[in-house]
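Listing of protein13.pdb; format and content: PDB, C-alpha atoms.
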```
MODEL        1
ATOM      1  CA  MET I   1      13.415   8.062  19.694
ATOM      2  CA  GLN I   2      14.036  10.833  17.245
ATOM      3  CA  LEU I   3      17.304  11.849  15.738
ATOM      4  CA  ASN I   4      18.729  12.868  12.434
ATOM      5  CA  TRP I   5      15.807  11.673  10.285
ATOM      6  CA  ARG I   6      17.837   8.828   8.808
ATOM      7  CA  TYR I   7      18.709   7.589  12.299
ATOM      8  CA  TYR I   8      15.182   8.040  13.567
ATOM      9  CA  LEU I   9      13.433   6.229  10.748
ATOM     10  CA  LEU I  10      15.641   3.179  11.149
ATOM     11  CA  LEU I  11      16.029   3.828  14.837
ATOM     12  CA  LEU I  12      19.613   4.724  15.468
ATOM     13  CA  LEU I  13      21.557   2.615  13.036
ATOM     14  CA  LEU I  14      24.783   0.803  13.758
ATOM     15  CA  PRO I  15      28.222   1.790  12.396
ATOM     16  CA  ILE I  16      29.534   0.614   9.041
ATOM     17  CA  CYS I  17      28.850  -3.076   8.670
ATOM     18  CA  THR I  18      31.602  -5.619   9.039
ATOM     19  CA  THR I  19      32.395  -8.639   6.959
ATOM     20  CA  ALA I  20      30.091 -10.783   9.091
ATOM     21  CA  GLN I  21      27.630 -12.571   6.831
ATOM     22  CA  THR I  22      24.060 -11.389   7.241
ATOM     23  CA  GLN I  23      21.238 -12.642   5.046
ATOM     24  CA  GLN I  24      18.770 -10.159   3.673
ATOM     25  CA  SER I  25      15.853 -10.442   6.044
ATOM     26  CA  LEU I  26      13.980  -8.232   8.467
ATOM     27  CA  LEU I  27      12.456 -11.125  10.419
ATOM     28  CA  TRP I  28      14.495 -13.563  12.529
ATOM     29  CA  ARG I  29      13.661 -16.578  14.693
ATOM     30  CA  VAL I  30      15.428 -16.963  18.044
ATOM     31  CA  SER I  31      15.599 -20.540  19.314
ATOM     32  CA  GLY I  32      17.937 -23.015  21.006
ATOM     33  CA  ASN I  33      19.772 -22.362  24.270
ATOM     34  CA  GLN I  34      17.152 -24.478  26.079
ATOM     35  CA  LEU I  35      14.275 -22.163  25.101
ATOM     36  CA  LYS I  36      10.852 -23.761  25.482
ATOM     37  CA  SER I  37       9.491 -21.836  22.494
ATOM     38  CA  SER I  38      10.846 -19.618  19.724
ATOM     39  CA  SER I  39      10.858 -15.829  19.832
ATOM     40  CA  TYR I  40      11.153 -13.418  16.919
ATOM     41  CA  ILE I  41      12.960 -10.201  16.054
ATOM     42  CA  PHE I  42      11.658  -7.819  13.400
ATOM     43  CA  GLY I  43      13.479  -4.744  12.081
ATOM     44  CA  THR I  44      11.216  -1.757  11.562
ATOM     45  CA  PHE I  45      11.361   1.450   9.569
ATOM     46  CA  HIS I  46       9.486   3.841  11.801
ATOM     47  CA  LEU I  47       7.548   5.810   9.225
ATOM     48  CA  LEU I  48       6.639   4.715   5.724
ATOM     49  CA  CYS I  49       4.119   5.671   3.098
ATOM     50  CA  PRO I  50       1.171   3.231   3.146
ATOM     51  CA  ASN I  51       2.149   1.806  -0.252
ATOM     52  CA  GLN I  52       5.803   1.236   0.649
ATOM     53  CA  PHE I  53       5.489  -1.752   2.961
ATOM     54  CA  LYS I  54       2.653  -4.040   3.965
ATOM     55  CA  LEU I  55       2.985  -6.350   6.933
ATOM     56  CA  PRO I  56       2.917  -9.835   5.374
ATOM     57  CA  ASP I  57       0.535 -12.539   6.549
ATOM     58  CA  THR I  58       3.509 -14.515   7.875
ATOM     59  CA  LEU I  59       4.410 -11.667  10.192
ATOM     60  CA  THR I  60       0.829 -11.164  11.328
ATOM     61  CA  ALA I  61       0.480 -14.845  12.183
ATOM     62  CA  ILE I  62       3.694 -14.792  14.225
ATOM     63  CA  ILE I  63       2.594 -11.711  16.188
ATOM     64  CA  GLN I  64      -0.720 -13.391  16.969
ATOM     65  CA  SER I  65       1.087 -16.496  18.263
ATOM     66  CA  VAL I  66       3.429 -14.933  20.864
ATOM     67  CA  ASP I  67       2.952 -14.186  24.548
ATOM     68  CA  THR I  68       4.376 -10.643  24.592
ATOM     69  CA  VAL I  69       5.239  -7.962  22.041
ATOM     70  CA  TYR I  70       8.272  -5.826  22.807
ATOM     71  CA  PHE I  71       8.977  -2.411  21.331
ATOM     72  CA  GLU I  72      11.842  -0.137  22.239
ATOM     73  CA  ILE I  73       9.488   1.643  24.622
ATOM     74  CA  LYS I  74       6.118   0.609  26.038
ATOM     75  CA  LEU I  75       3.834   2.246  23.495
ATOM     76  CA  ASP I  76       0.634   1.796  25.475
ATOM     77  CA  ASP I  77       1.991   3.463  28.615
ATOM     78  CA  PRO I  78      -0.721   5.998  29.655
ATOM     79  CA  ALA I  79       1.966   8.439  30.838
ATOM     80  CA  LEU I  80       3.991   8.266  27.629
ATOM     81  CA  PHE I  81       2.472  11.283  25.872
ATOM     82  CA  ASN I  82       2.753  13.626  28.846
ATOM     83  CA  ASN I  83       6.296  12.485  29.563
ATOM     84  CA  MET I  84       7.297  13.186  25.983
ATOM     85  CA  LEU I  85       5.776  16.659  26.064
ATOM     86  CA  GLN I  86       7.821  17.494  29.133
ATOM     87  CA  GLU I  87      11.038  16.434  27.425
ATOM     88  CA  MET I  88      10.587  18.241  24.110
ATOM     89  CA  THR I  89      11.954  21.653  25.081
ATOM     90  CA  MET I  90      15.578  22.698  25.455
ATOM     91  CA  GLN I  91      17.050  23.375  28.848
ATOM     92  CA  ASN I  92      18.065  26.790  30.206
ATOM     93  CA  HIS I  93      15.534  28.642  28.004
ATOM     94  CA  GLN I  94      17.691  28.053  24.944
ATOM     95  CA  SER I  95      16.044  28.951  21.626
ATOM     96  CA  LEU I  96      16.630  27.894  18.043
ATOM     97  CA  GLN I  97      17.255  31.486  16.932
ATOM     98  CA  ASN I  98      20.213  31.668  19.292
ATOM     99  CA  LEU I  99      21.847  28.693  17.619
ATOM    100  CA  MET I 100      22.342  30.273  14.188
ATOM    101  CA  ALA I 101      22.651  33.579  12.387
ATOM    102  CA  LEU I 102      19.387  35.483  11.966
ATOM    103  CA  SER I 103      19.678  35.376   8.159
ATOM    104  CA  THR I 104      20.090  31.596   8.273
ATOM    105  CA  TYR I 105      17.142  31.239  10.613
ATOM    106  CA  ASP I 106      14.969  33.340   8.303
ATOM    107  CA  SER I 107      15.992  31.159   5.349
ATOM    108  CA  ILE I 108      15.177  27.861   7.020
ATOM    109  CA  ASN I 109      11.954  29.273   8.451
ATOM    110  CA  ARG I 110      10.767  30.122   4.939
ATOM    111  CA  ILE I 111      11.520  26.577   3.806
ATOM    112  CA  PHE I 112       9.933  25.107   6.934
ATOM    113  CA  GLN I 113       6.738  27.110   6.345
ATOM    114  CA  GLU I 114       6.664  26.052   2.700
ATOM    115  CA  LYS I 115       6.990  22.373   3.602
ATOM    116  CA  THR I 116       4.814  22.208   6.729
ATOM    117  CA  LYS I 117       2.489  25.250   6.509
ATOM    118  CA  MET I 118       3.653  26.062  10.047
ATOM    119  CA  ASN I 119       5.896  28.823  11.365
ATOM    120  CA  LEU I 120       9.157  27.698  12.905
ATOM    121  CA  ASN I 121       8.686  30.366  15.576
ATOM    122  CA  PHE I 122       6.103  28.125  17.221
ATOM    123  CA  PHE I 123       8.847  25.596  17.909
ATOM    124  CA  GLN I 124      11.541  27.994  19.079
ATOM    125  CA  PHE I 125      12.223  26.155  22.310
ATOM    126  CA  TYR I 126      11.887  22.592  21.012
ATOM    127  CA  LYS I 127      15.004  20.481  20.812
ATOM    128  CA  PRO I 128      16.057  20.922  17.167
ATOM    129  CA  ILE I 129      16.401  17.206  16.593
ATOM    130  CA  LEU I 130      12.690  16.804  17.355
ATOM    131  CA  ILE I 131      11.559  19.589  15.031
ATOM    132  CA  THR I 132      12.583  17.404  12.097
ATOM    133  CA  SER I 133       9.623  15.125  12.804
ATOM    134  CA  PHE I 134       7.290  17.802  11.439
ATOM    135  CA  LEU I 135       9.073  17.522   8.081
ATOM    136  CA  TYR I 136       8.429  13.806   7.532
ATOM    137  CA  PRO I 137       5.242  14.168   5.436
ATOM    138  CA  ALA I 138       7.009  16.594   3.094
ATOM    139  CA  LEU I 139      10.188  14.519   2.979
ATOM    140  CA  MET I 140       8.227  11.370   2.210
ATOM    141  CA  GLY I 141       5.573  12.891  -0.043
ATOM    142  CA  CYS I 142       2.710  11.267   1.847
ATOM    143  CA  THR I 143       0.984  10.959   5.191
ATOM    144  CA  PRO I 144       3.234   8.295   6.708
ATOM    145  CA  ILE I 145       2.157   5.402   8.859
ATOM    146  CA  SER I 146       4.033   3.779  11.730
ATOM    147  CA  LEU I 147       4.921   0.096  11.487
ATOM    148  CA  GLU I 148       4.986  -0.060  15.272
ATOM    149  CA  THR I 149       1.426   1.199  15.413
ATOM    150  CA  GLU I 150       0.326  -1.426  12.900
ATOM    151  CA  ILE I 151       2.011  -4.169  14.934
ATOM    152  CA  GLN I 152       0.448  -2.817  18.113
ATOM    153  CA  LYS I 153      -3.014  -3.015  16.538
ATOM    154  CA  ILE I 154      -2.504  -6.699  15.756
ATOM    155  CA  ALA I 155      -1.363  -7.369  19.321
ATOM    156  CA  ASN I 156      -4.265  -5.428  20.817
ATOM    157  CA  LYS I 157      -6.828  -7.441  18.849
ATOM    158  CA  LYS I 158      -5.468 -10.597  20.472
ATOM    159  CA  ASN I 159      -5.015  -8.955  23.882
ATOM    160  CA  ILE I 160      -1.290  -9.665  23.735
ATOM    161  CA  PRO I 161       0.634  -7.622  26.340
ATOM    162  CA  ILE I 162       2.911  -4.803  25.169
ATOM    163  CA  ALA I 163       6.264  -4.220  26.858
ATOM    164  CA  GLY I 164       9.278  -1.947  26.386
ATOM    165  CA  LEU I 165      13.004  -2.643  26.295
ATOM    166  CA  GLU I 166      13.711   0.795  27.745
ATOM    167  CA  THR I 167      11.877   3.937  28.813
ATOM    168  CA  ALA I 168      11.166   7.119  26.890
ATOM    169  CA  ASP I 169      13.011   9.036  29.621
ATOM    170  CA  PHE I 170      16.103   6.956  28.924
ATOM    171  CA  GLN I 171      15.883   7.699  25.207
ATOM    172  CA  PHE I 172      15.555  11.419  25.796
ATOM    173  CA  LYS I 173      18.589  11.360  28.075
ATOM    174  CA  ILE I 174      20.590   9.853  25.229
ATOM    175  CA  LEU I 175      19.407  12.592  22.887
ATOM    176  CA  ASP I 176      20.459  15.194  25.433
ATOM    177  CA  GLU I 177      24.047  13.997  24.993
ATOM    178  CA  ILE I 178      24.009  15.621  21.542
ATOM    179  CA  PRO I 179      24.700  19.372  21.875
ATOM    180  CA  TYR I 180      21.868  21.658  20.792
ATOM    181  CA  GLN I 181      24.212  23.392  18.358
ATOM    182  CA  GLN I 182      24.878  20.131  16.580
ATOM    183  CA  GLN I 183      21.172  19.342  16.516
ATOM    184  CA  ALA I 184      20.460  22.767  15.022
ATOM    185  CA  ASN I 185      23.100  22.233  12.345
ATOM    186  CA  MET I 186      21.482  18.935  11.368
ATOM    187  CA  LEU I 187      18.048  20.565  11.112
ATOM    188  CA  LYS I 188      19.528  23.392   9.051
ATOM    189  CA  GLU I 189      21.191  20.947   6.636
ATOM    190  CA  THR I 190      17.958  19.007   6.169
ATOM    191  CA  LEU I 191      16.057  22.166   5.266
ATOM    192  CA  LEU I 192      18.661  23.954   3.154
ATOM    193  CA  TYR I 193      19.343  20.801   1.133
ATOM    194  CA  PHE I 194      15.806  19.489   1.137
ATOM    195  CA  ASN I 195      15.909  17.804  -2.275
ATOM    196  CA  ARG I 196      19.070  15.942  -1.311
ATOM    197  CA  SER I 197      17.424  14.874   1.946
ATOM    198  CA  GLN I 198      14.435  13.515   0.002
ATOM    199  CA  THR I 199      16.714  11.548  -2.318
ATOM    200  CA  GLU I 200      18.651  10.066   0.595
ATOM    201  CA  LEU I 201      15.420   9.068   2.288
ATOM    202  CA  LYS I 202      14.096   7.490  -0.909
ATOM    203  CA  ASN I 203      17.284   5.444  -1.187
ATOM    204  CA  MET I 204      17.009   4.378   2.445
ATOM    205  CA  VAL I 205      13.414   3.216   1.964
ATOM    206  CA  ALA I 206      14.509   1.222  -1.088
ATOM    207  CA  MET I 207      17.183  -0.513   1.014
ATOM    208  CA  TYR I 208      14.567  -1.363   3.609
ATOM    209  CA  GLN I 209      12.192  -2.730   0.991
ATOM    210  CA  ARG I 210      15.023  -4.945  -0.249
ATOM    211  CA  MET I 211      15.550  -5.984   3.395
ATOM    212  CA  ASN I 212      19.220  -5.134   2.911
ATOM    213  CA  ILE I 213      20.398  -4.567   6.468
ATOM    214  CA  ASP I 214      24.074  -4.360   5.536
ATOM    215  CA  SER I 215      23.485  -1.650   2.912
ATOM    216  CA  ILE I 216      21.491   0.345   5.439
ATOM    217  CA  GLN I 217      24.380   0.143   7.883
ATOM    218  CA  GLN I 218      26.918   1.176   5.286
ATOM    219  CA  SER I 219      24.850   4.200   4.327
ATOM    220  CA  VAL I 220      24.130   5.456   7.822
ATOM    221  CA  GLY I 221      27.558   4.456   9.086
ATOM    222  CA  ALA I 222      28.963   7.095   6.766
ATOM    223  CA  GLU I 223      26.991   9.791   8.624
ATOM    224  CA  ASP I 224      29.576  12.047  10.270
ATOM    225  CA  ASP I 225      27.229  13.966  12.579
ATOM    226  CA  LEU I 226      26.685  11.230  15.139
ATOM    227  CA  VAL I 227      29.614   8.841  14.853
ATOM    228  CA  GLN I 228      30.983   9.893  18.234
ATOM    229  CA  TYR I 229      27.673   9.006  19.917
ATOM    230  CA  GLN I 230      27.211   5.559  18.405
ATOM    231  CA  ASN I 231      28.258   3.705  21.535
ATOM    232  CA  GLU I 232      25.476   5.391  23.531
ATOM    233  CA  LEU I 233      22.936   5.470  20.717
ATOM    234  CA  ILE I 234      23.437   1.973  19.393
ATOM    235  CA  ILE I 235      25.978  -0.403  20.849
ATOM    236  CA  GLN I 236      25.282  -0.061  24.554
ATOM    237  CA  ARG I 237      21.538  -0.114  23.979
ATOM    238  CA  ASN I 238      21.838  -3.380  22.038
ATOM    239  CA  LYS I 239      23.793  -4.904  24.923
ATOM    240  CA  ASN I 240      21.199  -3.661  27.413
ATOM    241  CA  TRP I 241      18.405  -5.218  25.387
ATOM    242  CA  VAL I 242      20.130  -8.602  25.160
ATOM    243  CA  THR I 243      20.533  -8.572  28.945
ATOM    244  CA  ILE I 244      16.777  -7.977  29.273
ATOM    245  CA  LEU I 245      15.909 -10.604  26.675
ATOM    246  CA  ASN I 246      18.101 -13.166  28.418
ATOM    247  CA  LYS I 247      15.727 -12.860  31.366
ATOM    248  CA  TRP I 248      12.501 -13.063  29.359
ATOM    249  CA  LEU I 249      13.137 -15.442  26.467
ATOM    250  CA  PRO I 250      13.296 -18.605  28.629
ATOM    251  CA  HIS I 251       9.838 -17.904  30.049
ATOM    252  CA  ALA I 252       7.748 -16.708  27.092
ATOM    253  CA  SER I 253       7.547 -16.460  23.337
ATOM    254  CA  CYS I 254       8.298 -12.836  22.436
ATOM    255  CA  PHE I 255       8.000 -10.694  19.324
ATOM    256  CA  ILE I 256      10.620  -7.935  19.423
ATOM    257  CA  ALA I 257      10.187  -5.002  17.030
ATOM    258  CA  VAL I 258      13.107  -2.566  16.937
ATOM    259  CA  GLY I 259      14.743  -0.354  14.329
ATOM    260  CA  ALA I 260      16.232  -2.331  11.444
ATOM    261  CA  GLY I 261      19.669  -0.885  12.093
ATOM    262  CA  HIS I 262      19.872  -2.618  15.451
ATOM    263  CA  LEU I 263      19.889  -6.062  13.847
ATOM    264  CA  GLY I 264      23.130  -6.436  11.916
ATOM    265  CA  GLY I 265      26.851  -6.066  12.472
ATOM    266  CA  GLU I 266      29.181  -7.495  15.093
ATOM    267  CA  GLN I 267      27.486  -5.450  17.809
ATOM    268  CA  GLY I 268      23.963  -5.960  16.477
ATOM    269  CA  LEU I 269      21.229  -7.948  18.147
ATOM    270  CA  ILE I 270      21.601 -10.948  15.842
ATOM    271  CA  ALA I 271      25.304 -11.346  16.587
ATOM    272  CA  LEU I 272      24.924 -10.609  20.298
ATOM    273  CA  LEU I 273      22.148 -13.176  20.708
ATOM    274  CA  ARG I 274      24.222 -15.755  18.876
ATOM    275  CA  LYS I 275      27.157 -15.013  21.184
ATOM    276  CA  ALA I 276      24.779 -15.569  24.100
ATOM    277  CA  GLY I 277      24.139 -19.087  22.835
ATOM    278  CA  TYR I 278      20.923 -18.681  20.858
ATOM    279  CA  THR I 279      20.263 -19.910  17.334
ATOM    280  CA  VAL I 280      19.139 -16.937  15.236
ATOM    281  CA  THR I 281      17.888 -17.736  11.739
ATOM    282  CA  PRO I 282      16.225 -15.596   9.050
ATOM    283  CA  ILE I 283      12.593 -16.051   8.105
ATOM    284  CA  LEU I 284      12.053 -15.117   4.475
ATOM    285  CA  PHE I 285       8.754 -13.654   3.313
TER     286      PHE I 285
ENDMDL
END
```

File written out as structure tokens:
Amino acid sequence: MQLNWRYYLLLLLLPICTTAQTQQSLLWRVSGNQLKSSSYIFGTFHLLCPNQFKLPDTLTAIIQSVDTVYFEIKLDDPALFNNMLQEMTMQNHQSLQNLMALSTYDSINRIFQEKTKMNLNFFQFYKPILITSFLYPALMGCTPISLETEIQKIANKKNIPIAGLETADFQFKILDEIPYQQQANMLKETLLYFNRSQTELKNMVAMYQRMNIDSIQQSVGAEDDLVQYQNELIIQRNKNWVTILNKWLPHASCFIAVGAGHLGGEQGLIALLRKAGYTVTPILF
């Protein structure tokens, strides 16, 4: 699911963290509550440079030991790519040029071409929030890799089934709650203040490398653009996922890989699973 790049890369982070104590870890064991076997939750950072994070052997061994690997969406769904293509354009023939002054559009197009070697005109009818994805290599200074893809490769080698906590259609419907004008403003800010965007991203990656979930939440929780949508983007989705996991955890050992921002806070997965009666403990690596 793509959003403001900071939200996308940590997958829709939670509001400002509370005083609840959260240890610095990205990997958590879920046990107790009469479970026959443990399951695991791992917080991802969607795109990283290859040298910024390497899946540790501990994590690889855990993935190889489970019955099912869950991502936010079913990544091996044959229809996924076509479904995403159908959802990328704005409704009612809206265009990016209509969402800002011509002089502003020309300015951001020049920057976009400089950073991507592509003309923004080719993406006129794309939802602005999705256009940002073309900027990731320039923002990150590398050809990024996906942690989800790396996890999927490990699962595939062991023929471990892949499942999704929600559908891509559902995620796109959430994005459609954000007005196109607001999406365009976010894209414009990223391009016009590109150096600042790079610095913010660098800081966010550093937080992830330190496995500091609370700091990540504090940083993204200060983001004004999407505060009003956090119930739909974060809180309700976490609750939906726990409802699904309540049905699956008693029957199989699962590895659940979701954005790191979904883990912490009073409405995060760790707290919600504990409230549901599970024992959730950090695994340090």

Show me, as a CSV table (one decimal) with C-alpha atoms, in the frame of the given file, the residues that have an atom within 12 Å of segment 244-255 of chain I when counting only C-alpha atoms, minus same-chain residues fewer than 3 positions from it.
```
chain,number,residue,atom,x,y,z
I,27,LEU,CA,12.5,-11.1,10.4
I,28,TRP,CA,14.5,-13.6,12.5
I,29,ARG,CA,13.7,-16.6,14.7
I,30,VAL,CA,15.4,-17.0,18.0
I,31,SER,CA,15.6,-20.5,19.3
I,32,GLY,CA,17.9,-23.0,21.0
I,33,ASN,CA,19.8,-22.4,24.3
I,34,GLN,CA,17.2,-24.5,26.1
I,35,LEU,CA,14.3,-22.2,25.1
I,36,LYS,CA,10.9,-23.8,25.5
I,37,SER,CA,9.5,-21.8,22.5
I,38,SER,CA,10.8,-19.6,19.7
I,39,SER,CA,10.9,-15.8,19.8
I,40,TYR,CA,11.2,-13.4,16.9
I,41,ILE,CA,13.0,-10.2,16.1
I,42,PHE,CA,11.7,-7.8,13.4
I,43,GLY,CA,13.5,-4.7,12.1
I,59,LEU,CA,4.4,-11.7,10.2
I,60,THR,CA,0.8,-11.2,11.3
I,61,ALA,CA,0.5,-14.8,12.2
I,62,ILE,CA,3.7,-14.8,14.2
I,63,ILE,CA,2.6,-11.7,16.2
I,64,GLN,CA,-0.7,-13.4,17.0
I,65,SER,CA,1.1,-16.5,18.3
I,66,VAL,CA,3.4,-14.9,20.9
I,67,ASP,CA,3.0,-14.2,24.5
I,68,THR,CA,4.4,-10.6,24.6
I,69,VAL,CA,5.2,-8.0,22.0
I,70,TYR,CA,8.3,-5.8,22.8
I,71,PHE,CA,9.0,-2.4,21.3
I,72,GLU,CA,11.8,-0.1,22.2
I,148,GLU,CA,5.0,-0.1,15.3
I,151,ILE,CA,2.0,-4.2,14.9
I,152,GLN,CA,0.4,-2.8,18.1
I,154,ILE,CA,-2.5,-6.7,15.8
I,155,ALA,CA,-1.4,-7.4,19.3
I,160,ILE,CA,-1.3,-9.7,23.7
I,161,PRO,CA,0.6,-7.6,26.3
I,162,ILE,CA,2.9,-4.8,25.2
I,163,ALA,CA,6.3,-4.2,26.9
I,164,GLY,CA,9.3,-1.9,26.4
I,165,LEU,CA,13.0,-2.6,26.3
I,166,GLU,CA,13.7,0.8,27.7
I,237,ARG,CA,21.5,-0.1,24.0
I,238,ASN,CA,21.8,-3.4,22.0
I,239,LYS,CA,23.8,-4.9,24.9
I,240,ASN,CA,21.2,-3.7,27.4
I,241,TRP,CA,18.4,-5.2,25.4
I,258,VAL,CA,13.1,-2.6,16.9
I,269,LEU,CA,21.2,-7.9,18.1
I,272,LEU,CA,24.9,-10.6,20.3
I,273,LEU,CA,22.1,-13.2,20.7
I,274,ARG,CA,24.2,-15.8,18.9
I,275,LYS,CA,27.2,-15.0,21.2
I,276,ALA,CA,24.8,-15.6,24.1
I,277,GLY,CA,24.1,-19.1,22.8
I,278,TYR,CA,20.9,-18.7,20.9
```

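Excluding Thr132 of chain I itself and any same-chain residue fewer than 2 positions from it, the protein and nucleic acid residues within 7 Å of it, counting only C-alpha atoms, are Trp5, Ile129, Leu130, Phe134, Leu135 and Leu187 of chain I.
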
My list of candidates is I:Leu26, I:Leu96, I:Leu147, I:Met140. Which is closest to Lys54 of chain I when distances are computed with only C-alpha atoms? I:Leu147

Starting from the displayed file, determine the output of the PyMOL selection byres ((chain I and resi 188) around 10) and express the residue list as a ChimeraX atom specification. /I:100,104-105,107-109,112,128,132,182-187,189-194

Quick one: residues within 10 Å of Gln97 of chain I, all atoms listed in the file counted, chain neighbours fewer than 5 positions away excluded, as a ChimeraX atom specification? /I:102-106,120-121,124-125,184
